[in-house]
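For reference, data16.txt is printed below; it contains compact mmCIF, C-alpha atoms and all ligand atoms.
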```
# COMPACT_ATOMS: atom_id res chain seq x y z
CA MET A 733 -8.21 -50.83 -68.75
CA THR A 734 -7.91 -52.03 -72.33
CA LEU A 735 -5.88 -50.37 -75.03
CA SER A 736 -8.97 -48.78 -76.58
CA ASP A 737 -10.35 -47.34 -73.33
CA THR A 738 -10.73 -43.66 -72.86
CA PRO A 739 -9.01 -42.71 -69.62
CA PRO A 740 -10.92 -40.45 -67.21
CA LEU A 741 -11.05 -36.78 -68.15
CA SER A 742 -8.89 -35.79 -65.20
CA SER A 743 -6.02 -37.70 -66.79
CA LEU A 744 -2.91 -36.56 -68.52
CA LEU A 745 -4.78 -36.48 -71.85
CA ALA A 746 -7.42 -34.04 -70.65
CA ARG A 747 -4.93 -31.55 -69.30
CA THR A 748 -2.49 -31.68 -72.22
CA ARG A 749 -2.84 -29.14 -75.03
CA ILE A 750 -1.24 -29.16 -78.42
CA VAL A 751 0.03 -25.74 -79.49
CA LEU A 752 0.82 -25.14 -83.17
CA VAL A 753 2.84 -22.00 -83.84
CA GLU A 754 2.27 -20.06 -87.09
CA THR A 755 1.32 -23.09 -89.14
CA SER A 756 1.43 -22.28 -92.87
CA HIS A 757 -0.59 -25.14 -94.30
CA PRO A 758 -4.17 -25.50 -93.05
CA GLY A 759 -4.02 -29.16 -94.10
CA ASN A 760 -1.45 -29.72 -91.37
CA ILE A 761 -3.77 -28.18 -88.78
CA GLY A 762 -6.56 -30.56 -89.82
CA ALA A 763 -4.24 -33.58 -89.87
CA ALA A 764 -2.92 -32.60 -86.43
CA ALA A 765 -6.49 -32.46 -85.09
CA ARG A 766 -7.13 -35.93 -86.48
CA ALA A 767 -3.90 -37.23 -84.91
CA MET A 768 -4.95 -35.74 -81.57
CA LYS A 769 -8.48 -37.10 -81.60
CA THR A 770 -7.38 -40.66 -82.33
CA MET A 771 -5.28 -40.54 -79.16
CA GLY A 772 -7.84 -38.79 -76.95
CA LEU A 773 -6.26 -35.34 -76.87
CA GLN A 774 -8.78 -32.53 -77.15
CA GLN A 775 -7.23 -29.13 -76.60
CA LEU A 776 -5.83 -27.44 -79.69
CA VAL A 777 -4.35 -23.94 -79.52
CA LEU A 778 -3.22 -22.13 -82.66
CA VAL A 779 -0.75 -19.26 -82.45
CA ASN A 780 -1.23 -16.92 -85.45
CA PRO A 781 -2.14 -19.58 -88.02
CA LYS A 782 -1.58 -18.36 -91.60
CA ARG A 783 -5.01 -19.55 -92.80
CA PHE A 784 -7.70 -20.65 -90.34
CA PRO A 785 -10.52 -21.61 -90.39
CA SER A 786 -10.16 -23.31 -93.74
CA ALA A 787 -11.99 -25.93 -95.78
CA GLU A 788 -8.71 -27.74 -96.28
CA ALA A 789 -8.18 -28.05 -92.53
CA THR A 790 -11.71 -29.38 -92.08
CA ALA A 791 -11.24 -31.92 -94.91
CA ARG A 792 -7.94 -33.20 -93.50
CA ALA A 793 -9.40 -33.46 -90.00
CA SER A 794 -11.63 -36.29 -91.34
CA GLY A 795 -14.19 -36.20 -88.55
CA ALA A 796 -12.03 -34.45 -85.96
CA ASP A 797 -13.43 -31.09 -86.99
CA ASN A 798 -14.99 -30.63 -83.54
CA LEU A 799 -11.43 -30.04 -82.29
CA LEU A 800 -11.02 -27.36 -84.96
CA VAL A 801 -14.27 -25.67 -83.95
CA ALA A 802 -13.16 -25.68 -80.31
CA ALA A 803 -9.58 -24.58 -81.13
CA ARG A 804 -8.38 -21.43 -79.39
CA VAL A 805 -6.58 -18.95 -81.65
CA VAL A 806 -4.10 -16.63 -79.89
CA GLU A 807 -1.46 -14.13 -80.93
CA SER A 808 1.59 -15.29 -79.02
CA LEU A 809 3.10 -18.37 -77.46
CA PRO A 810 3.21 -16.86 -73.93
CA GLU A 811 -0.54 -16.31 -74.22
CA ALA A 812 -1.06 -19.93 -75.30
CA VAL A 813 0.83 -21.42 -72.36
CA ALA A 814 0.46 -18.84 -69.55
CA ASP A 815 -1.44 -21.20 -67.21
CA CYS A 816 0.66 -24.31 -67.94
CA GLY A 817 2.81 -25.95 -65.28
CA LEU A 818 4.88 -27.72 -67.90
CA VAL A 819 5.68 -26.44 -71.40
CA LEU A 820 7.52 -28.75 -73.78
CA SER A 821 8.92 -27.66 -77.12
CA THR A 822 9.47 -30.04 -80.00
CA THR A 823 12.45 -29.67 -82.24
CA ALA A 824 13.92 -31.57 -85.13
CA ARG A 825 17.48 -30.38 -84.59
CA PRO A 826 19.80 -29.26 -81.81
CA ARG A 827 19.57 -25.53 -80.97
CA TYR A 828 22.08 -23.23 -79.41
CA LEU A 829 19.92 -22.91 -76.30
CA ASP A 830 20.50 -26.53 -75.58
CA LEU A 831 17.42 -27.19 -73.42
CA PRO A 832 17.36 -30.65 -71.88
CA VAL A 833 16.19 -32.86 -74.77
CA THR A 834 14.16 -36.03 -74.27
CA PRO A 835 12.35 -38.46 -76.56
CA PRO A 836 8.52 -38.21 -76.39
CA ARG A 837 8.22 -41.34 -74.24
CA ASP A 838 10.32 -39.91 -71.43
CA ALA A 839 8.62 -36.54 -71.73
CA ALA A 840 5.18 -38.19 -71.40
CA SER A 841 6.22 -40.10 -68.25
CA PHE A 842 7.70 -36.93 -66.81
CA ALA A 843 4.48 -35.01 -67.53
CA ALA A 844 2.36 -37.77 -65.97
CA ALA A 845 4.47 -38.00 -62.83
CA GLU A 846 5.64 -34.45 -62.22
CA ALA A 847 3.05 -32.02 -63.48
CA GLY A 848 0.39 -32.81 -60.87
CA GLU A 849 -2.93 -31.56 -62.17
CA ALA A 850 -1.36 -28.61 -64.00
CA PRO A 851 -2.08 -28.08 -67.70
CA VAL A 852 0.73 -29.34 -69.95
CA ALA A 853 1.57 -27.89 -73.38
CA ILE A 854 3.42 -29.54 -76.25
CA VAL A 855 4.53 -26.84 -78.67
CA PHE A 856 5.12 -27.44 -82.38
CA GLY A 857 6.94 -25.05 -84.71
CA ARG A 858 6.54 -23.68 -88.21
CA GLU A 859 6.86 -26.07 -91.14
CA GLN A 860 9.83 -24.20 -92.59
CA THR A 861 11.72 -22.82 -89.64
CA GLY A 862 10.48 -24.54 -86.48
CA LEU A 863 10.44 -22.43 -83.28
CA THR A 864 12.41 -19.24 -82.64
CA ASN A 865 14.89 -19.03 -79.79
CA GLU A 866 12.55 -16.68 -77.97
CA GLU A 867 9.76 -19.27 -78.25
CA LEU A 868 12.09 -22.04 -77.06
CA LEU A 869 12.75 -19.96 -73.96
CA CYS A 870 9.04 -20.14 -73.10
CA CYS A 871 9.53 -23.91 -72.76
CA GLN A 872 11.19 -25.91 -70.02
CA ARG A 873 12.26 -28.96 -71.96
CA ALA A 874 12.59 -30.02 -75.55
CA ILE A 875 11.25 -33.18 -77.12
CA ARG A 876 13.11 -34.63 -80.05
CA ILE A 877 11.67 -37.64 -81.85
CA PRO A 878 14.69 -39.81 -82.53
CA THR A 879 15.12 -40.02 -86.29
CA ASP A 880 17.81 -40.89 -88.76
CA ALA A 881 20.59 -38.38 -88.13
CA GLY A 882 20.72 -37.35 -91.77
CA PHE A 883 16.98 -36.65 -92.14
CA SER A 884 15.42 -35.49 -88.89
CA SER A 885 12.48 -33.31 -89.89
CA LEU A 886 9.05 -34.99 -89.76
CA ASN A 887 5.87 -33.59 -91.20
CA LEU A 888 4.22 -31.44 -88.52
CA ALA A 889 1.09 -33.58 -88.12
CA GLN A 890 3.15 -36.76 -88.03
CA ALA A 891 5.23 -35.29 -85.21
CA VAL A 892 1.96 -34.49 -83.40
CA GLN A 893 0.80 -38.08 -83.96
CA ILE A 894 3.92 -39.62 -82.44
CA CYS A 895 3.80 -37.38 -79.37
CA ALA A 896 0.05 -37.93 -78.93
CA TYR A 897 0.57 -41.70 -79.12
CA GLU A 898 3.22 -41.59 -76.41
CA TRP A 899 0.95 -39.43 -74.26
CA ARG A 900 -1.80 -42.01 -74.66
CA LEU A 901 0.51 -44.86 -73.69
CA ALA A 902 1.57 -42.94 -70.57
CA ALA A 903 -2.08 -42.23 -69.71
CA LEU A 904 -3.04 -45.88 -70.21
CA ALA A 905 -0.12 -46.99 -68.05
CA GLY A 906 -1.92 -45.00 -65.35
CA ALA A 907 1.28 -43.39 -64.13
CA ALA A 908 -0.01 -41.75 -60.96
CA SER A 909 1.12 -38.26 -60.19
CA THR A 910 3.58 -38.17 -57.33
CA VAL A 911 3.04 -34.48 -56.76
CA GLY A 912 0.96 -33.15 -53.88
CA ASP A 913 -1.10 -29.96 -54.06
CA ALA A 914 1.49 -28.01 -52.10
CA ASP A 915 4.11 -28.93 -54.67
CA VAL A 916 2.27 -27.75 -57.74
CA LEU A 917 4.58 -26.54 -60.52
CA ALA A 918 4.80 -22.83 -61.20
CA THR A 919 2.93 -21.75 -64.32
CA ALA A 920 4.69 -20.39 -67.40
CA ALA A 921 3.36 -16.92 -66.52
CA GLU A 922 4.83 -17.18 -63.00
CA LEU A 923 8.22 -18.24 -64.39
CA ALA A 924 8.19 -15.35 -66.89
CA GLY A 925 7.31 -12.99 -64.00
CA LEU A 926 10.27 -14.31 -61.98
CA VAL A 927 12.69 -13.79 -64.89
CA GLU A 928 11.49 -10.20 -65.38
CA HIS A 929 11.71 -9.50 -61.65
CA ALA A 930 15.25 -10.93 -61.48
CA LYS A 931 16.32 -8.78 -64.46
CA ARG A 932 14.87 -5.68 -62.78
CA THR A 933 16.67 -6.34 -59.51
CA MET A 934 19.91 -7.26 -61.29
CA THR A 935 19.69 -3.98 -63.18
CA ARG A 936 19.29 -2.04 -59.95
CA VAL A 937 22.44 -3.55 -58.46
CA ASP A 938 24.39 -3.00 -61.70
CA PHE A 939 24.75 -6.70 -62.37
CA PHE A 940 22.69 -6.60 -65.58
CA HIS A 941 22.81 -3.84 -68.18
CA PRO A 942 19.72 -3.91 -70.43
CA GLU A 943 21.54 -1.87 -73.08
CA ARG A 944 24.23 -4.61 -73.26
CA PRO A 945 22.23 -7.74 -72.39
CA LYS A 946 24.63 -10.30 -73.95
CA ARG A 947 23.32 -13.78 -73.23
CA LEU A 948 22.20 -13.20 -69.67
CA PRO A 949 18.41 -12.99 -70.39
CA ASP A 950 18.55 -16.25 -72.37
CA ARG A 951 20.62 -18.00 -69.73
CA LEU A 952 18.38 -16.76 -66.96
CA ALA A 953 15.23 -17.93 -68.73
CA ARG A 954 16.83 -21.29 -69.32
CA LEU A 955 17.97 -21.59 -65.72
CA VAL A 956 14.51 -20.73 -64.38
CA GLY A 957 12.70 -22.92 -66.92
CA GLY A 958 14.98 -25.92 -66.40
CA ALA A 959 14.69 -25.88 -62.61
CA HIS A 960 11.04 -27.09 -62.61
CA LEU A 961 10.29 -24.64 -59.84
CA ARG A 962 7.22 -25.12 -57.71
CA HIS A 963 4.73 -22.33 -57.14
CA THR A 964 5.98 -21.90 -53.56
CA GLU A 965 9.62 -21.73 -54.70
CA VAL A 966 8.82 -18.92 -57.13
CA GLN A 967 7.10 -17.08 -54.28
CA ILE A 968 10.24 -17.44 -52.10
CA LEU A 969 12.52 -16.13 -54.83
CA ARG A 970 10.23 -13.21 -55.63
CA GLY A 971 9.96 -12.40 -51.95
CA PHE A 972 13.75 -12.33 -51.76
CA LEU A 973 14.01 -10.05 -54.81
CA THR A 974 11.41 -7.71 -53.33
CA ALA A 975 13.40 -7.61 -50.07
CA VAL A 976 16.54 -6.66 -52.03
CA GLU A 977 14.61 -3.89 -53.82
CA GLU A 978 13.25 -2.59 -50.52
CA ALA A 979 16.73 -2.62 -48.96
CA LEU A 980 18.00 -0.64 -51.95
CA GLU A 981 15.20 1.85 -51.57
CA GLU A 982 15.95 2.30 -47.87
CA ALA A 983 19.61 2.81 -48.64
CA GLY A 984 18.58 5.49 -51.15
CA GLU A 985 21.36 6.70 -53.40
CA SER A 986 23.91 4.64 -51.52
CA GLY A 987 21.84 1.61 -52.53
CA ARG A 988 24.44 0.55 -55.04
CA GLU A 989 26.85 -0.13 -52.22
CA VAL A 990 24.42 -2.72 -50.84
CA SER A 991 25.31 -4.88 -53.81
CA GLY A 992 28.95 -4.90 -52.81
CA ARG A 993 29.90 -3.96 -56.38
N1 LIG A 1001 13.03 -27.07 -90.63
C1 LIG A 1001 12.44 -27.05 -89.34
C2 LIG A 1001 11.59 -28.28 -89.18
C3 LIG A 1001 10.24 -27.92 -88.95
S1 LIG A 1001 9.20 -29.33 -88.98
C4 LIG A 1001 13.50 -27.07 -88.29
O1 LIG A 1001 14.61 -27.42 -88.59
O2 LIG A 1001 13.22 -26.75 -87.13
C5 LIG A 1001 7.79 -28.64 -88.16
C6 LIG A 1001 7.68 -29.01 -86.72
O3 LIG A 1001 7.45 -30.42 -86.59
C7 LIG A 1001 8.88 -28.72 -85.84
O4 LIG A 1001 8.98 -27.38 -85.44
C8 LIG A 1001 8.59 -29.64 -84.67
O5 LIG A 1001 7.58 -29.06 -83.89
C9 LIG A 1001 8.00 -30.87 -85.36
N2 LIG A 1001 9.04 -31.87 -85.67
C10 LIG A 1001 9.49 -32.27 -86.88
N3 LIG A 1001 10.43 -33.20 -86.75
C11 LIG A 1001 10.60 -33.44 -85.43
C12 LIG A 1001 11.42 -34.30 -84.66
N4 LIG A 1001 12.30 -35.13 -85.21
N5 LIG A 1001 11.30 -34.26 -83.32
C13 LIG A 1001 10.42 -33.43 -82.72
N6 LIG A 1001 9.62 -32.59 -83.40
C14 LIG A 1001 9.70 -32.59 -84.74
```

What is this file in structure tokens?
Ligand code: SAH
Amino acid sequence: MTLSDTPPLSSLLARTRIVLVETSHPGNIGAAARAMKTMGLQQLVLVNPKRFPSAEATARASGADNLLVAARVVESLPEAVADCGLVLSTTARPRYLDLPVTPPRDAASFAAAEAGEAPVAIVFGREQTGLTNEELLCCQRAIRIPTDAGFSSLNLAQAVQICAYEWRLAALAGAASTVGDADVLATAAELAGLVEHAKRTMTRVDFFHPERPKRLPDRLARLVGGAHLRHTEVQILRGFLTAVEEALEEAGESGREVSGR
């Protein structure tokens, strides 16, 4: 394969989507589409764009306007990534949540090797404020493009370009997936379902108090997201939680004693 080849559609490029969250400037959406198309990425998802469609976006896409026409517009990040086996945030600066942070090159190799055939999302934040903590918790890893420490914030479309380039290099390197069908990663929706189920069960055994959540929900989401759980592993954990709930129900009012607390 030469450097200008288009890899087969089943490749990393075909199953990777770029998600732009609440982009303010339509020009950035167009420039991001152009950046994607040059590297062979096709799927663009826009979460609540401020202005879209827009003539400015089309102009800045410079021939990549077919990606804009095909772009999916959704209302929330969970909706944009529900079916993804791997969701990667991008961030210009360290955040309190402290997700594992990798440069785009490592993230691309990880996606090629570990995500099987699952859709992969790379999520980009708002021009002014980036991604919220809640949005970061929808993601399993963070990508940071290494920059000068004193000036770390790239233009949105330029950040898309750098990530897309690294994805293309990983695709061209032909990094074969090492993951079998049985090992397919859990989707973002399955992980969110596990976190909610765990919170419900923890509430029933008095371990978690929704009225005083403290940092437990964040830590739980981070723990579940960072574990790269397989579909089957999520099923085991949910089966266990259901068994705990059933045991509590059987124990009736004395159910709280089952928790040993
Ligand atoms: N002031 C914002 C920067 C937003 S820049 C902040 O501090 O978060 C807009 C978006 O471009 C970011 O949300 C991120 O998706 C991407 N971006 C900019 N610089 C980046 C970098 N160095 N590494 C990774 N992504 C970056």

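Comparing the minimum interatomic distances between ligand LIG 1001 (chain A) and each of A:Arg747, A:Arg944, A:Arg876, A:Lys769, counting all atoms listed in the file, we find that A:Arg876 sits nearest.
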
### Message
Just want the 10 Å neighbourhood of A:Asn780, counted on only C-alpha atoms, with same-chain residues fewer than 4 positions away dropped. Output as a PyMOL selection string.
### Response
chain A and resi 752-756+784+805-809

Kindly extract all protein, DNA and RNA residues lying within 10 Å of the coordinates (18.2, -21.1, -68.0) given in the file, considering all atoms listed in the file, and supply them as a PDB file with C-alpha atoms, in the frame of the given file.
```pdb
ATOM      1  CA  LEU A 829      19.920 -22.910 -76.300  1.00  0.00           C
ATOM      2  CA  ASP A 830      20.500 -26.530 -75.580  1.00  0.00           C
ATOM      3  CA  LEU A 831      17.420 -27.190 -73.420  1.00  0.00           C
ATOM      4  CA  LEU A 869      12.750 -19.960 -73.960  1.00  0.00           C
ATOM      5  CA  GLN A 872      11.190 -25.910 -70.020  1.00  0.00           C
ATOM      6  CA  VAL A 927      12.690 -13.790 -64.890  1.00  0.00           C
ATOM      7  CA  LEU A 948      22.200 -13.200 -69.670  1.00  0.00           C
ATOM      8  CA  PRO A 949      18.410 -12.990 -70.390  1.00  0.00           C
ATOM      9  CA  ASP A 950      18.550 -16.250 -72.370  1.00  0.00           C
ATOM     10  CA  ARG A 951      20.620 -18.000 -69.730  1.00  0.00           C
ATOM     11  CA  LEU A 952      18.380 -16.760 -66.960  1.00  0.00           C
ATOM     12  CA  ALA A 953      15.230 -17.930 -68.730  1.00  0.00           C
ATOM     13  CA  ARG A 954      16.830 -21.290 -69.320  1.00  0.00           C
ATOM     14  CA  LEU A 955      17.970 -21.590 -65.720  1.00  0.00           C
ATOM     15  CA  VAL A 956      14.510 -20.730 -64.380  1.00  0.00           C
ATOM     16  CA  GLY A 957      12.700 -22.920 -66.920  1.00  0.00           C
ATOM     17  CA  GLY A 958      14.980 -25.920 -66.400  1.00  0.00           C
ATOM     18  CA  ALA A 959      14.690 -25.880 -62.610  1.00  0.00           C
TER      19      ALA A 959
END
```

### Query
Hey, which residues come within 10 Å of ligand LIG 1001 (chain A) if we count all atoms listed in the file? Could you give them as a PyMOL selection string?
chain A and resi 751-753+755+760+821-827+833-836+854-864+874-881+883-892+894-895

Using C-alpha atoms, can you write the selected residues to a file as an mmCIF file, in the frame of the given file?
```
data_model
loop_
_atom_site.group_PDB
_atom_site.id
_atom_site.type_symbol
_atom_site.label_atom_id
_atom_site.label_comp_id
_atom_site.auth_asym_id
_atom_site.auth_seq_id
_atom_site.Cartn_x
_atom_site.Cartn_y
_atom_site.Cartn_z
ATOM 1 C CA VAL A 751 0.030 -25.740 -79.490
ATOM 2 C CA LEU A 752 0.820 -25.140 -83.170
ATOM 3 C CA VAL A 753 2.840 -22.000 -83.840
ATOM 4 C CA THR A 755 1.320 -23.090 -89.140
ATOM 5 C CA ASN A 760 -1.450 -29.720 -91.370
ATOM 6 C CA SER A 821 8.920 -27.660 -77.120
ATOM 7 C CA THR A 822 9.470 -30.040 -80.000
ATOM 8 C CA THR A 823 12.450 -29.670 -82.240
ATOM 9 C CA ALA A 824 13.920 -31.570 -85.130
ATOM 10 C CA ARG A 825 17.480 -30.380 -84.590
ATOM 11 C CA PRO A 826 19.800 -29.260 -81.810
ATOM 12 C CA ARG A 827 19.570 -25.530 -80.970
ATOM 13 C CA VAL A 833 16.190 -32.860 -74.770
ATOM 14 C CA THR A 834 14.160 -36.030 -74.270
ATOM 15 C CA PRO A 835 12.350 -38.460 -76.560
ATOM 16 C CA PRO A 836 8.520 -38.210 -76.390
ATOM 17 C CA ILE A 854 3.420 -29.540 -76.250
ATOM 18 C CA VAL A 855 4.530 -26.840 -78.670
ATOM 19 C CA PHE A 856 5.120 -27.440 -82.380
ATOM 20 C CA GLY A 857 6.940 -25.050 -84.710
ATOM 21 C CA ARG A 858 6.540 -23.680 -88.210
ATOM 22 C CA GLU A 859 6.860 -26.070 -91.140
ATOM 23 C CA GLN A 860 9.830 -24.200 -92.590
ATOM 24 C CA THR A 861 11.720 -22.820 -89.640
ATOM 25 C CA GLY A 862 10.480 -24.540 -86.480
ATOM 26 C CA LEU A 863 10.440 -22.430 -83.280
ATOM 27 C CA THR A 864 12.410 -19.240 -82.640
ATOM 28 C CA ALA A 874 12.590 -30.020 -75.550
ATOM 29 C CA ILE A 875 11.250 -33.180 -77.120
ATOM 30 C CA ARG A 876 13.110 -34.630 -80.050
ATOM 31 C CA ILE A 877 11.670 -37.640 -81.850
ATOM 32 C CA PRO A 878 14.690 -39.810 -82.530
ATOM 33 C CA THR A 879 15.120 -40.020 -86.290
ATOM 34 C CA ASP A 880 17.810 -40.890 -88.760
ATOM 35 C CA ALA A 881 20.590 -38.380 -88.130
ATOM 36 C CA PHE A 883 16.980 -36.650 -92.140
ATOM 37 C CA SER A 884 15.420 -35.490 -88.890
ATOM 38 C CA SER A 885 12.480 -33.310 -89.890
ATOM 39 C CA LEU A 886 9.050 -34.990 -89.760
ATOM 40 C CA ASN A 887 5.870 -33.590 -91.200
ATOM 41 C CA LEU A 888 4.220 -31.440 -88.520
ATOM 42 C CA ALA A 889 1.090 -33.580 -88.120
ATOM 43 C CA GLN A 890 3.150 -36.760 -88.030
ATOM 44 C CA ALA A 891 5.230 -35.290 -85.210
ATOM 45 C CA VAL A 892 1.960 -34.490 -83.400
ATOM 46 C CA ILE A 894 3.920 -39.620 -82.440
ATOM 47 C CA CYS A 895 3.800 -37.380 -79.370
#
```

### Query
So how far away is atom CA of A:Tyr897 from atom CA of A:Gly848, in Å?
20.3 Å

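Taking atom CA of A:Val916 and atom CA of A:His963 as the two end points, the separation is 6.0 Å.
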
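Atom to atom, atom CA of A:Ile968 and atom CA of A:Glu811 stand 24.6 Å apart.
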
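The neighbours of A:Glu977 here are the residues that come within 10 Å of it, using all atoms listed in the file and leaving out any residue fewer than 6 positions away in the same chain; they are Arg932, Thr933, Met934, Arg936, Val937, Gly971, Ala983 and Gly987 of chain A.
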
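Residue nearest A:Ala843 within the list A:Ala902, A:Leu926, A:Leu799, A:Ala793: A:Ala902 [criterion: smallest interatomic distance, all atoms listed in the file].
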
### Task
Tell me, as a VMD selection string, which residues lie within 8 Å of A:Arg804, counting all atoms listed in the file; anything in the same chain fewer than 3 positions away does not count.
chain A and resid 776 to 778

Show me, as a CSV table (one decimal) with C-alpha atoms, keeping the file's coordinate frame, the residues that have an atom within 9 Å of A:Pro942 when counting all atoms listed in the file, minus same-chain residues fewer than 4 positions from it.
```
chain,number,residue,atom,x,y,z
A,931,LYS,CA,16.3,-8.8,-64.5
A,935,THR,CA,19.7,-4.0,-63.2
A,946,LYS,CA,24.6,-10.3,-74.0
```

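Comparing the minimum interatomic distances between A:Gln774 and each of A:Glu846, A:Val819, A:Ala896, A:Asn865, counting all atoms listed in the file, we find that A:Ala896 sits nearest.
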
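Proximity ranking of A:Gly906, A:Gly925, A:Gly984, A:Pro945 relative to A:Ala840 places A:Gly906 first, based on only C-alpha atoms.
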
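Candidate residues A:Asp797, A:Ala803, A:Pro785, A:Ala791 were compared for distance to A:Ile750, and the nearest is A:Ala803, using all atoms listed in the file.
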
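Compared by their closest atoms to A:Thr770, and using only C-alpha atoms, the residues A:Ala850, A:Gln893, A:Thr964, A:Ala844 rank with A:Gln893 nearest.
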